[in-house]
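Novice: Sharing coords-v1.txt here; it has compact mmCIF, N, CA and C atoms.
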```
# COMPACT_ATOMS: atom_id res chain seq x y z
N MET A 1 83.87 86.94 77.38
CA MET A 1 85.17 87.56 77.28
C MET A 1 85.85 87.01 76.02
N VAL A 2 86.25 87.91 75.16
CA VAL A 2 86.89 87.51 73.91
C VAL A 2 88.36 87.88 73.96
N THR A 3 89.21 86.93 73.63
CA THR A 3 90.63 87.20 73.57
C THR A 3 91.04 87.59 72.16
N ASN A 4 90.44 86.97 71.18
CA ASN A 4 90.71 87.36 69.81
C ASN A 4 89.50 87.01 68.94
N ALA A 5 89.51 87.56 67.76
CA ALA A 5 88.45 87.28 66.80
C ALA A 5 89.09 87.17 65.43
N ASN A 6 88.48 86.37 64.60
CA ASN A 6 89.00 86.20 63.24
C ASN A 6 88.66 87.42 62.40
N ASP A 7 89.65 87.93 61.68
CA ASP A 7 89.40 89.04 60.77
C ASP A 7 88.39 88.62 59.72
N GLY A 8 87.48 89.52 59.39
CA GLY A 8 86.50 89.24 58.35
C GLY A 8 85.29 88.44 58.80
N ARG A 9 85.19 88.09 60.08
CA ARG A 9 84.04 87.34 60.60
C ARG A 9 83.28 88.24 61.57
N TRP A 10 81.96 88.05 61.61
CA TRP A 10 81.13 88.86 62.49
C TRP A 10 81.49 88.62 63.95
N LEU A 11 81.54 89.70 64.70
CA LEU A 11 81.75 89.66 66.14
C LEU A 11 80.59 90.43 66.76
N GLU A 12 79.81 89.74 67.61
CA GLU A 12 78.65 90.36 68.22
C GLU A 12 78.93 90.67 69.68
N VAL A 13 78.62 91.90 70.08
CA VAL A 13 78.75 92.33 71.47
C VAL A 13 77.34 92.59 71.97
N PRO A 14 76.83 91.71 72.86
CA PRO A 14 75.45 91.85 73.32
C PRO A 14 75.17 93.25 73.86
N THR A 15 74.02 93.78 73.53
CA THR A 15 73.50 95.10 73.91
C THR A 15 74.28 96.26 73.29
N LEU A 16 75.33 95.97 72.52
CA LEU A 16 76.10 97.03 71.89
C LEU A 16 75.99 97.00 70.37
N GLY A 17 76.13 95.84 69.79
CA GLY A 17 76.03 95.74 68.33
C GLY A 17 76.95 94.65 67.80
N ARG A 18 77.20 94.68 66.52
CA ARG A 18 78.10 93.72 65.92
C ARG A 18 78.98 94.42 64.90
N LEU A 19 80.12 93.79 64.61
CA LEU A 19 81.07 94.38 63.70
C LEU A 19 81.88 93.28 63.03
N ILE A 20 82.55 93.65 61.97
CA ILE A 20 83.47 92.74 61.30
C ILE A 20 84.87 93.34 61.45
N PRO A 21 85.70 92.76 62.31
CA PRO A 21 87.06 93.31 62.44
C PRO A 21 87.87 93.02 61.17
N THR A 22 88.68 93.99 60.79
CA THR A 22 89.50 93.79 59.60
C THR A 22 90.98 93.61 59.95
N ASP A 23 91.45 94.32 60.94
CA ASP A 23 92.84 94.20 61.36
C ASP A 23 92.89 94.09 62.88
N GLY A 24 92.86 92.86 63.37
CA GLY A 24 92.86 92.65 64.82
C GLY A 24 94.26 92.76 65.40
N LEU A 25 94.34 93.41 66.53
CA LEU A 25 95.58 93.47 67.29
C LEU A 25 95.23 93.02 68.70
N TRP A 26 95.57 91.78 69.01
CA TRP A 26 95.15 91.18 70.25
C TRP A 26 96.34 91.06 71.17
N GLY A 27 96.38 91.92 72.19
CA GLY A 27 97.54 92.00 73.05
C GLY A 27 97.57 91.02 74.20
N ILE A 28 96.50 90.32 74.46
CA ILE A 28 96.46 89.41 75.61
C ILE A 28 96.25 88.00 75.10
N SER A 29 97.17 87.12 75.44
CA SER A 29 97.09 85.74 74.97
C SER A 29 95.99 84.98 75.71
N ALA A 30 95.56 83.89 75.11
CA ALA A 30 94.50 83.08 75.70
C ALA A 30 94.89 82.55 77.06
N ASP A 31 96.15 82.14 77.25
CA ASP A 31 96.55 81.60 78.55
C ASP A 31 96.51 82.68 79.64
N GLN A 32 96.80 83.92 79.27
CA GLN A 32 96.71 85.01 80.25
C GLN A 32 95.26 85.34 80.58
N ARG A 33 94.37 85.22 79.60
CA ARG A 33 92.94 85.42 79.87
C ARG A 33 92.42 84.31 80.78
N ILE A 34 92.88 83.09 80.58
CA ILE A 34 92.47 81.99 81.44
C ILE A 34 92.95 82.23 82.86
N LEU A 35 94.19 82.69 83.01
CA LEU A 35 94.72 83.02 84.33
C LEU A 35 93.88 84.10 84.99
N GLU A 36 93.49 85.10 84.22
CA GLU A 36 92.64 86.17 84.73
C GLU A 36 91.26 85.63 85.14
N ALA A 37 90.70 84.74 84.34
CA ALA A 37 89.39 84.16 84.65
C ALA A 37 89.46 83.34 85.94
N LYS A 38 90.52 82.56 86.12
CA LYS A 38 90.68 81.79 87.36
C LYS A 38 90.76 82.72 88.56
N ASP A 39 91.44 83.84 88.41
CA ASP A 39 91.54 84.82 89.49
C ASP A 39 90.18 85.42 89.81
N ILE A 40 89.42 85.73 88.78
CA ILE A 40 88.08 86.29 88.99
C ILE A 40 87.19 85.28 89.71
N VAL A 41 87.23 84.03 89.30
CA VAL A 41 86.43 82.98 89.96
C VAL A 41 86.84 82.86 91.42
N SER A 42 88.13 82.85 91.69
CA SER A 42 88.61 82.76 93.08
C SER A 42 88.09 83.92 93.91
N THR A 43 88.13 85.11 93.35
CA THR A 43 87.64 86.30 94.06
C THR A 43 86.14 86.20 94.31
N LEU A 44 85.40 85.74 93.30
CA LEU A 44 83.95 85.60 93.46
C LEU A 44 83.59 84.55 94.50
N GLN A 45 84.48 83.59 94.72
CA GLN A 45 84.26 82.56 95.73
C GLN A 45 84.73 83.01 97.12
N GLY A 46 85.11 84.28 97.24
CA GLY A 46 85.48 84.83 98.53
C GLY A 46 86.98 84.86 98.81
N GLY A 47 87.79 84.39 97.90
CA GLY A 47 89.23 84.42 98.09
C GLY A 47 89.81 85.79 97.77
N GLU A 48 91.06 85.96 98.15
CA GLU A 48 91.73 87.20 97.79
C GLU A 48 92.17 87.11 96.33
N GLY A 49 92.23 88.22 95.66
CA GLY A 49 92.66 88.24 94.28
C GLY A 49 94.17 88.08 94.17
N ALA A 50 94.62 87.71 92.99
CA ALA A 50 96.05 87.48 92.75
C ALA A 50 96.87 88.73 93.01
N ILE A 51 96.35 89.89 92.68
CA ILE A 51 97.09 91.13 92.91
C ILE A 51 97.26 91.37 94.41
N GLN A 52 96.19 91.19 95.18
CA GLN A 52 96.27 91.40 96.62
C GLN A 52 97.23 90.39 97.26
N LEU A 53 97.18 89.15 96.80
CA LEU A 53 98.10 88.13 97.33
C LEU A 53 99.54 88.47 97.00
N CYS A 54 99.77 89.01 95.82
CA CYS A 54 101.12 89.40 95.42
C CYS A 54 101.62 90.57 96.26
N ILE A 55 100.78 91.55 96.47
CA ILE A 55 101.16 92.70 97.29
C ILE A 55 101.49 92.24 98.71
N ALA A 56 100.69 91.35 99.26
CA ALA A 56 100.95 90.83 100.61
C ALA A 56 102.26 90.05 100.65
N ALA A 57 102.52 89.24 99.62
CA ALA A 57 103.78 88.48 99.57
C ALA A 57 104.97 89.41 99.45
N HIS A 58 104.81 90.50 98.70
CA HIS A 58 105.90 91.47 98.57
C HIS A 58 106.18 92.15 99.91
N LEU A 59 105.14 92.52 100.61
CA LEU A 59 105.32 93.13 101.93
C LEU A 59 106.02 92.18 102.90
N ARG A 60 105.63 90.90 102.87
CA ARG A 60 106.30 89.91 103.72
C ARG A 60 107.77 89.78 103.37
N TYR A 61 108.07 89.78 102.07
CA TYR A 61 109.46 89.69 101.64
C TYR A 61 110.24 90.93 102.08
N GLU A 62 109.66 92.09 101.93
CA GLU A 62 110.35 93.32 102.34
C GLU A 62 110.60 93.34 103.84
N ASP A 63 109.66 92.81 104.62
CA ASP A 63 109.83 92.75 106.07
C ASP A 63 110.88 91.72 106.48
N ALA A 64 110.94 90.61 105.75
CA ALA A 64 111.88 89.53 106.08
C ALA A 64 112.37 88.89 104.78
N PRO A 65 113.41 89.46 104.16
CA PRO A 65 113.89 88.96 102.87
C PRO A 65 114.62 87.62 102.96
N SER A 66 113.85 86.56 103.04
CA SER A 66 114.41 85.21 103.12
C SER A 66 114.17 84.49 101.79
N SER A 67 114.84 83.39 101.59
CA SER A 67 114.64 82.62 100.35
C SER A 67 113.22 82.07 100.29
N GLU A 68 112.67 81.69 101.45
CA GLU A 68 111.29 81.19 101.47
C GLU A 68 110.30 82.27 101.04
N ASN A 69 110.50 83.48 101.56
CA ASN A 69 109.61 84.57 101.19
C ASN A 69 109.80 84.99 99.74
N LYS A 70 111.01 84.86 99.23
CA LYS A 70 111.25 85.17 97.82
C LYS A 70 110.55 84.15 96.92
N ILE A 71 110.59 82.89 97.29
CA ILE A 71 109.89 81.84 96.53
C ILE A 71 108.39 82.09 96.57
N ALA A 72 107.87 82.46 97.74
CA ALA A 72 106.44 82.75 97.87
C ALA A 72 106.06 83.97 97.02
N LEU A 73 106.92 84.97 97.01
CA LEU A 73 106.67 86.16 96.19
C LEU A 73 106.68 85.80 94.72
N ARG A 74 107.62 84.99 94.29
CA ARG A 74 107.69 84.56 92.89
C ARG A 74 106.40 83.83 92.49
N SER A 75 105.95 82.94 93.36
CA SER A 75 104.73 82.19 93.09
C SER A 75 103.53 83.13 92.98
N ALA A 76 103.43 84.08 93.89
CA ALA A 76 102.32 85.02 93.88
C ALA A 76 102.39 85.93 92.65
N TYR A 77 103.58 86.38 92.30
CA TYR A 77 103.77 87.27 91.14
C TYR A 77 103.44 86.53 89.84
N ASP A 78 103.84 85.28 89.74
CA ASP A 78 103.56 84.48 88.55
C ASP A 78 102.07 84.19 88.39
N ALA A 79 101.31 84.25 89.48
CA ALA A 79 99.87 83.99 89.42
C ALA A 79 99.08 85.19 88.90
N VAL A 80 99.74 86.34 88.82
CA VAL A 80 99.09 87.55 88.32
C VAL A 80 99.22 87.58 86.80
N PRO A 81 98.11 87.75 86.07
CA PRO A 81 98.22 87.84 84.61
C PRO A 81 99.16 88.98 84.22
N THR A 82 99.92 88.76 83.17
CA THR A 82 100.94 89.71 82.73
C THR A 82 100.39 91.12 82.57
N HIS A 83 99.22 91.26 81.98
CA HIS A 83 98.66 92.59 81.73
C HIS A 83 98.15 93.27 83.00
N LEU A 84 98.16 92.56 84.13
CA LEU A 84 97.72 93.15 85.40
C LEU A 84 98.85 93.33 86.40
N LYS A 85 100.05 92.88 86.07
CA LYS A 85 101.18 92.94 87.00
C LYS A 85 101.49 94.37 87.45
N MET A 86 101.21 95.35 86.59
CA MET A 86 101.51 96.74 86.94
C MET A 86 100.73 97.21 88.17
N TYR A 87 99.66 96.50 88.52
CA TYR A 87 98.86 96.87 89.68
C TYR A 87 99.39 96.27 90.98
N CYS A 88 100.52 95.60 90.92
CA CYS A 88 101.11 94.97 92.11
C CYS A 88 102.01 95.94 92.88
N GLY A 89 101.86 97.20 92.63
CA GLY A 89 102.64 98.22 93.32
C GLY A 89 101.83 99.49 93.38
N ASP A 90 102.52 100.59 93.60
CA ASP A 90 101.80 101.86 93.66
C ASP A 90 101.70 102.49 92.28
N MET A 91 101.02 103.62 92.24
CA MET A 91 100.74 104.27 90.97
C MET A 91 102.01 104.72 90.23
N ASP A 92 103.01 105.10 90.98
CA ASP A 92 104.23 105.62 90.37
C ASP A 92 105.20 104.53 89.94
N THR A 93 105.42 103.56 90.80
CA THR A 93 106.45 102.55 90.51
C THR A 93 105.90 101.27 89.91
N LYS A 94 104.59 101.11 89.96
CA LYS A 94 103.94 99.89 89.46
C LYS A 94 104.57 98.66 90.08
N ASP A 95 104.97 97.68 89.30
CA ASP A 95 105.57 96.46 89.86
C ASP A 95 107.10 96.49 89.81
N SER A 96 107.68 97.65 89.57
CA SER A 96 109.14 97.76 89.48
C SER A 96 109.88 97.22 90.71
N PRO A 97 109.44 97.52 91.93
CA PRO A 97 110.16 96.98 93.09
C PRO A 97 110.19 95.45 93.12
N ILE A 98 109.13 94.83 92.66
CA ILE A 98 109.11 93.36 92.62
C ILE A 98 110.05 92.86 91.54
N ARG A 99 110.00 93.47 90.37
CA ARG A 99 110.90 93.06 89.29
C ARG A 99 112.35 93.24 89.68
N GLN A 100 112.66 94.28 90.44
CA GLN A 100 114.04 94.51 90.89
C GLN A 100 114.52 93.40 91.81
N ILE A 101 113.62 92.79 92.55
CA ILE A 101 113.99 91.67 93.42
C ILE A 101 114.44 90.48 92.58
N PHE A 102 113.74 90.23 91.51
CA PHE A 102 114.05 89.07 90.66
C PHE A 102 115.12 89.36 89.62
N TYR A 103 115.19 90.61 89.17
CA TYR A 103 116.14 90.98 88.11
C TYR A 103 116.89 92.25 88.52
N PRO A 104 117.73 92.18 89.53
CA PRO A 104 118.37 93.39 90.06
C PRO A 104 119.33 94.07 89.08
N ASP A 105 119.81 93.36 88.08
CA ASP A 105 120.77 93.95 87.15
C ASP A 105 120.11 94.57 85.92
N ASP A 106 118.79 94.40 85.78
CA ASP A 106 118.10 94.96 84.61
C ASP A 106 118.05 96.47 84.71
N ASN A 107 118.19 97.11 83.56
CA ASN A 107 118.04 98.53 83.48
C ASN A 107 116.56 98.86 83.63
N GLU A 108 116.21 99.72 84.54
CA GLU A 108 114.81 100.03 84.83
C GLU A 108 114.06 100.54 83.59
N GLU A 109 114.74 101.27 82.71
CA GLU A 109 114.08 101.80 81.54
C GLU A 109 113.62 100.69 80.60
N GLN A 110 114.28 99.54 80.62
CA GLN A 110 113.88 98.44 79.77
C GLN A 110 112.60 97.79 80.27
N ASN A 111 112.27 97.95 81.54
CA ASN A 111 111.11 97.28 82.14
C ASN A 111 109.84 98.12 82.11
N THR A 112 109.91 99.34 81.68
CA THR A 112 108.71 100.18 81.71
C THR A 112 107.99 100.16 80.41
```
Just dump the structure as structure tokens.
Specialist:
Amino acid sequence: MVTNANDGRWLEVPTLGRLIPTDGLWGISADQRILEAKDIVSTLQGGEGAIQLCIAAHLRYEDAPSSENKIALRSAYDAVPTHLKMYCGDMDTKDSPIRQIFYPDDNEEQNT
């Protein structure tokens, strides 16, 4: 898994080929890739994935909106890599309902 590559240096993709990138645009930071890798390892070891844990925490919070459940939701949401947070909801609203819990005064258009 590559997060970034140096411009002007060979990048080899096994079974596909190799290339020299000239203008890289790398949207996912290394720390977010590490978070994603930890989630993948946890899932491969039989645990639930970060997205599933976040969805479950959100449902618990919606059923019983307590400070404890909000803290648990925050912890679960923070464990999801930024580029995957949109999968913590349904196809239409994505993670908007969760963001509204933490940032109720934000304009929804700014979050999409």
Novice: Could you work out how far atom C of A:Gly47 lies from atom C of A:Arg99, giving the answer in Å with one decimal?
Specialist: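 Between these atoms lies a distance of 25.1 Å.
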Novice: Could you tell me how far atom CA of A:Gln32 sits from atom N of A:Asp105, in Å to one decimal place?
Specialist: 25.8 Å
Novice: Can you work out the spacing between atom CA of A:Pro65 and atom C of A:Ser96 in Å, to one decimal?
Specialist: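 Value for the atom CA of A:Pro65-atom C of A:Ser96 distance: 15.2 Å.
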Novice: Using only C-alpha atoms, find the one residue out of A:Ser66, A:Ala57, A:Ser29, A:Val13 that sits nearest to A:Asp78.
Specialist: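 Using only C-alpha atoms, A:Asp78 sits closest to A:Ala57.
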Novice: Hey, can I get the axis-aligned box for stretch 40-55 of chain A? All listed atoms, 4 Å padding on each side, centre and edge lengths in Å to one decimal, as lines of an AutoDock Vina configuration file.
Specialist:
```
center_x = 92.6
center_y = 87.6
center_z = 93.8
size_x = 26.0
size_y = 18.1
size_z = 18.0
```
Novice: Using only C-alpha atoms, which residue out of A:Ala76, A:Asp31, A:Arg18, A:Asp39 lies closest to A:Leu59?
Specialist: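 Among the listed residues, A:Ala76 lies closest to A:Leu59.
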Novice: Using only C-alpha atoms, which of the listed residues (A:Leu16, A:Ile34, A:Ile101, A:Leu44) sits closest to A:Asn69?
Specialist: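 Once distances to A:Asn69 are computed over only C-alpha atoms, the minimum belongs to A:Ile101.
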Novice: With only N, CA and C atoms as the atoms that count, which of A:Trp10, A:Tyr103, A:Gln52, A:Ala64 lies nearest to A:Cys88?
Specialist: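 The answer is A:Gln52, which sits nearest to A:Cys88.
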Novice: As a PyMOL selection string, list the residues of chain A assigned to strand (DSSP E) by DSSP on the backbone atoms of this structure.
Specialist: chain A and resi 11-13+17-19
Novice: Between A:Met91, A:Leu84, A:Ile98, A:Ala79, which residue has the minimum interatomic distance to A:Ser42, considering only C-alpha atoms?
Specialist: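 The closest residue to A:Ser42 is A:Ala79.
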Novice: Pick out the closest residue to A:Glu36 from this set: A:Ile55, A:Leu73, A:Val80, A:Leu11. Count all atoms listed in the file.
Specialist: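 The answer is A:Val80, which sits nearest to A:Glu36.
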Novice: Just asking: which residues within chain A are alpha helix (DSSP H) according to DSSP, as an mmCIF file with N, CA and C atoms, in the frame of the given file?
Specialist:
```
data_model
loop_
_atom_site.group_PDB
_atom_site.id
_atom_site.type_symbol
_atom_site.label_atom_id
_atom_site.label_comp_id
_atom_site.auth_asym_id
_atom_site.auth_seq_id
_atom_site.Cartn_x
_atom_site.Cartn_y
_atom_site.Cartn_z
ATOM 1 N N ALA A 30 95.560 83.890 75.110
ATOM 2 C CA ALA A 30 94.500 83.080 75.700
ATOM 3 C C ALA A 30 94.890 82.550 77.060
ATOM 4 N N ASP A 31 96.150 82.140 77.250
ATOM 5 C CA ASP A 31 96.550 81.600 78.550
ATOM 6 C C ASP A 31 96.510 82.680 79.640
ATOM 7 N N GLN A 32 96.800 83.920 79.270
ATOM 8 C CA GLN A 32 96.710 85.010 80.250
ATOM 9 C C GLN A 32 95.260 85.340 80.580
ATOM 10 N N ARG A 33 94.370 85.220 79.600
ATOM 11 C CA ARG A 33 92.940 85.420 79.870
ATOM 12 C C ARG A 33 92.420 84.310 80.780
ATOM 13 N N ILE A 34 92.880 83.090 80.580
ATOM 14 C CA ILE A 34 92.470 81.990 81.440
ATOM 15 C C ILE A 34 92.950 82.230 82.860
ATOM 16 N N LEU A 35 94.190 82.690 83.010
ATOM 17 C CA LEU A 35 94.720 83.020 84.330
ATOM 18 C C LEU A 35 93.880 84.100 84.990
ATOM 19 N N GLU A 36 93.490 85.100 84.220
ATOM 20 C CA GLU A 36 92.640 86.170 84.730
ATOM 21 C C GLU A 36 91.260 85.630 85.140
ATOM 22 N N ALA A 37 90.700 84.740 84.340
ATOM 23 C CA ALA A 37 89.390 84.160 84.650
ATOM 24 C C ALA A 37 89.460 83.340 85.940
ATOM 25 N N LYS A 38 90.520 82.560 86.120
ATOM 26 C CA LYS A 38 90.680 81.790 87.360
ATOM 27 C C LYS A 38 90.760 82.720 88.560
ATOM 28 N N ASP A 39 91.440 83.840 88.410
ATOM 29 C CA ASP A 39 91.540 84.820 89.490
ATOM 30 C C ASP A 39 90.180 85.420 89.810
ATOM 31 N N ILE A 40 89.420 85.730 88.780
ATOM 32 C CA ILE A 40 88.080 86.290 88.990
ATOM 33 C C ILE A 40 87.190 85.280 89.710
ATOM 34 N N VAL A 41 87.230 84.030 89.300
ATOM 35 C CA VAL A 41 86.430 82.980 89.960
ATOM 36 C C VAL A 41 86.840 82.860 91.420
ATOM 37 N N SER A 42 88.130 82.850 91.690
ATOM 38 C CA SER A 42 88.610 82.760 93.080
ATOM 39 C C SER A 42 88.090 83.920 93.910
ATOM 40 N N THR A 43 88.130 85.110 93.350
ATOM 41 C CA THR A 43 87.640 86.300 94.060
ATOM 42 C C THR A 43 86.140 86.200 94.310
ATOM 43 N N LEU A 44 85.400 85.740 93.300
ATOM 44 C CA LEU A 44 83.950 85.600 93.460
ATOM 45 C C LEU A 44 83.590 84.550 94.500
ATOM 46 N N ALA A 50 94.620 87.710 92.990
ATOM 47 C CA ALA A 50 96.050 87.480 92.750
ATOM 48 C C ALA A 50 96.870 88.730 93.010
ATOM 49 N N ILE A 51 96.350 89.890 92.680
ATOM 50 C CA ILE A 51 97.090 91.130 92.910
ATOM 51 C C ILE A 51 97.260 91.370 94.410
ATOM 52 N N GLN A 52 96.190 91.190 95.180
ATOM 53 C CA GLN A 52 96.270 91.400 96.620
ATOM 54 C C GLN A 52 97.230 90.390 97.260
ATOM 55 N N LEU A 53 97.180 89.150 96.800
ATOM 56 C CA LEU A 53 98.100 88.130 97.330
ATOM 57 C C LEU A 53 99.540 88.470 97.000
ATOM 58 N N CYS A 54 99.770 89.010 95.820
ATOM 59 C CA CYS A 54 101.120 89.400 95.420
ATOM 60 C C CYS A 54 101.620 90.570 96.260
ATOM 61 N N ILE A 55 100.780 91.550 96.470
ATOM 62 C CA ILE A 55 101.160 92.700 97.290
ATOM 63 C C ILE A 55 101.490 92.240 98.710
ATOM 64 N N ALA A 56 100.690 91.350 99.260
ATOM 65 C CA ALA A 56 100.950 90.830 100.610
ATOM 66 C C ALA A 56 102.260 90.050 100.650
ATOM 67 N N ALA A 57 102.520 89.240 99.620
ATOM 68 C CA ALA A 57 103.780 88.480 99.570
ATOM 69 C C ALA A 57 104.970 89.410 99.450
ATOM 70 N N HIS A 58 104.810 90.500 98.700
ATOM 71 C CA HIS A 58 105.900 91.470 98.570
ATOM 72 C C HIS A 58 106.180 92.150 99.910
ATOM 73 N N LEU A 59 105.140 92.520 100.610
ATOM 74 C CA LEU A 59 105.320 93.130 101.930
ATOM 75 C C LEU A 59 106.020 92.180 102.900
ATOM 76 N N ARG A 60 105.630 90.900 102.870
ATOM 77 C CA ARG A 60 106.300 89.910 103.720
ATOM 78 C C ARG A 60 107.770 89.780 103.370
ATOM 79 N N TYR A 61 108.070 89.780 102.070
ATOM 80 C CA TYR A 61 109.460 89.690 101.640
ATOM 81 C C TYR A 61 110.240 90.930 102.080
ATOM 82 N N GLU A 62 109.660 92.090 101.930
ATOM 83 C CA GLU A 62 110.350 93.320 102.340
ATOM 84 C C GLU A 62 110.600 93.340 103.840
ATOM 85 N N ASP A 63 109.660 92.810 104.620
ATOM 86 C CA ASP A 63 109.830 92.750 106.070
ATOM 87 C C ASP A 63 110.880 91.720 106.480
ATOM 88 N N SER A 67 114.840 83.390 101.590
ATOM 89 C CA SER A 67 114.640 82.620 100.350
ATOM 90 C C SER A 67 113.220 82.070 100.290
ATOM 91 N N GLU A 68 112.670 81.690 101.450
ATOM 92 C CA GLU A 68 111.290 81.190 101.470
ATOM 93 C C GLU A 68 110.300 82.270 101.040
ATOM 94 N N ASN A 69 110.500 83.480 101.560
ATOM 95 C CA ASN A 69 109.610 84.570 101.190
ATOM 96 C C ASN A 69 109.800 84.990 99.740
ATOM 97 N N LYS A 70 111.010 84.860 99.230
ATOM 98 C CA LYS A 70 111.250 85.170 97.820
ATOM 99 C C LYS A 70 110.550 84.150 96.920
ATOM 100 N N ILE A 71 110.590 82.890 97.290
ATOM 101 C CA ILE A 71 109.890 81.840 96.530
ATOM 102 C C ILE A 71 108.390 82.090 96.570
ATOM 103 N N ALA A 72 107.870 82.460 97.740
ATOM 104 C CA ALA A 72 106.440 82.750 97.870
ATOM 105 C C ALA A 72 106.060 83.970 97.020
ATOM 106 N N LEU A 73 106.920 84.970 97.010
ATOM 107 C CA LEU A 73 106.670 86.160 96.190
ATOM 108 C C LEU A 73 106.680 85.800 94.720
ATOM 109 N N ARG A 74 107.620 84.990 94.290
ATOM 110 C CA ARG A 74 107.690 84.560 92.890
ATOM 111 C C ARG A 74 106.400 83.830 92.490
ATOM 112 N N SER A 75 105.950 82.940 93.360
ATOM 113 C CA SER A 75 104.730 82.190 93.090
ATOM 114 C C SER A 75 103.530 83.130 92.980
ATOM 115 N N ALA A 76 103.430 84.080 93.890
ATOM 116 C CA ALA A 76 102.320 85.020 93.880
ATOM 117 C C ALA A 76 102.390 85.930 92.650
ATOM 118 N N TYR A 77 103.580 86.380 92.300
ATOM 119 C CA TYR A 77 103.770 87.270 91.140
ATOM 120 C C TYR A 77 103.440 86.530 89.840
ATOM 121 N N ASP A 78 103.840 85.280 89.740
ATOM 122 C CA ASP A 78 103.560 84.480 88.550
ATOM 123 C C ASP A 78 102.070 84.190 88.390
ATOM 124 N N SER A 96 107.680 97.650 89.570
ATOM 125 C CA SER A 96 109.140 97.760 89.480
ATOM 126 C C SER A 96 109.880 97.220 90.710
ATOM 127 N N PRO A 97 109.440 97.520 91.930
ATOM 128 C CA PRO A 97 110.160 96.980 93.090
ATOM 129 C C PRO A 97 110.190 95.450 93.120
ATOM 130 N N ILE A 98 109.130 94.830 92.660
ATOM 131 C CA ILE A 98 109.110 93.360 92.620
ATOM 132 C C ILE A 98 110.050 92.860 91.540
ATOM 133 N N ARG A 99 110.000 93.470 90.370
ATOM 134 C CA ARG A 99 110.900 93.060 89.290
ATOM 135 C C ARG A 99 112.350 93.240 89.680
ATOM 136 N N GLN A 100 112.660 94.280 90.440
ATOM 137 C CA GLN A 100 114.040 94.510 90.890
ATOM 138 C C GLN A 100 114.520 93.400 91.810
ATOM 139 N N ILE A 101 113.620 92.790 92.550
ATOM 140 C CA ILE A 101 113.990 91.670 93.420
ATOM 141 C C ILE A 101 114.440 90.480 92.580
ATOM 142 N N PHE A 102 113.740 90.230 91.510
ATOM 143 C CA PHE A 102 114.050 89.070 90.660
ATOM 144 C C PHE A 102 115.120 89.360 89.620
ATOM 145 N N GLU A 108 116.210 99.720 84.540
ATOM 146 C CA GLU A 108 114.810 100.030 84.830
ATOM 147 C C GLU A 108 114.060 100.540 83.590
ATOM 148 N N GLU A 109 114.740 101.270 82.710
ATOM 149 C CA GLU A 109 114.080 101.800 81.540
ATOM 150 C C GLU A 109 113.620 100.690 80.600
ATOM 151 N N GLN A 110 114.280 99.540 80.620
ATOM 152 C CA GLN A 110 113.880 98.440 79.770
ATOM 153 C C GLN A 110 112.600 97.790 80.270
ATOM 154 N N ASN A 111 112.270 97.950 81.540
ATOM 155 C CA ASN A 111 111.110 97.280 82.140
ATOM 156 C C ASN A 111 109.840 98.120 82.110
#
```
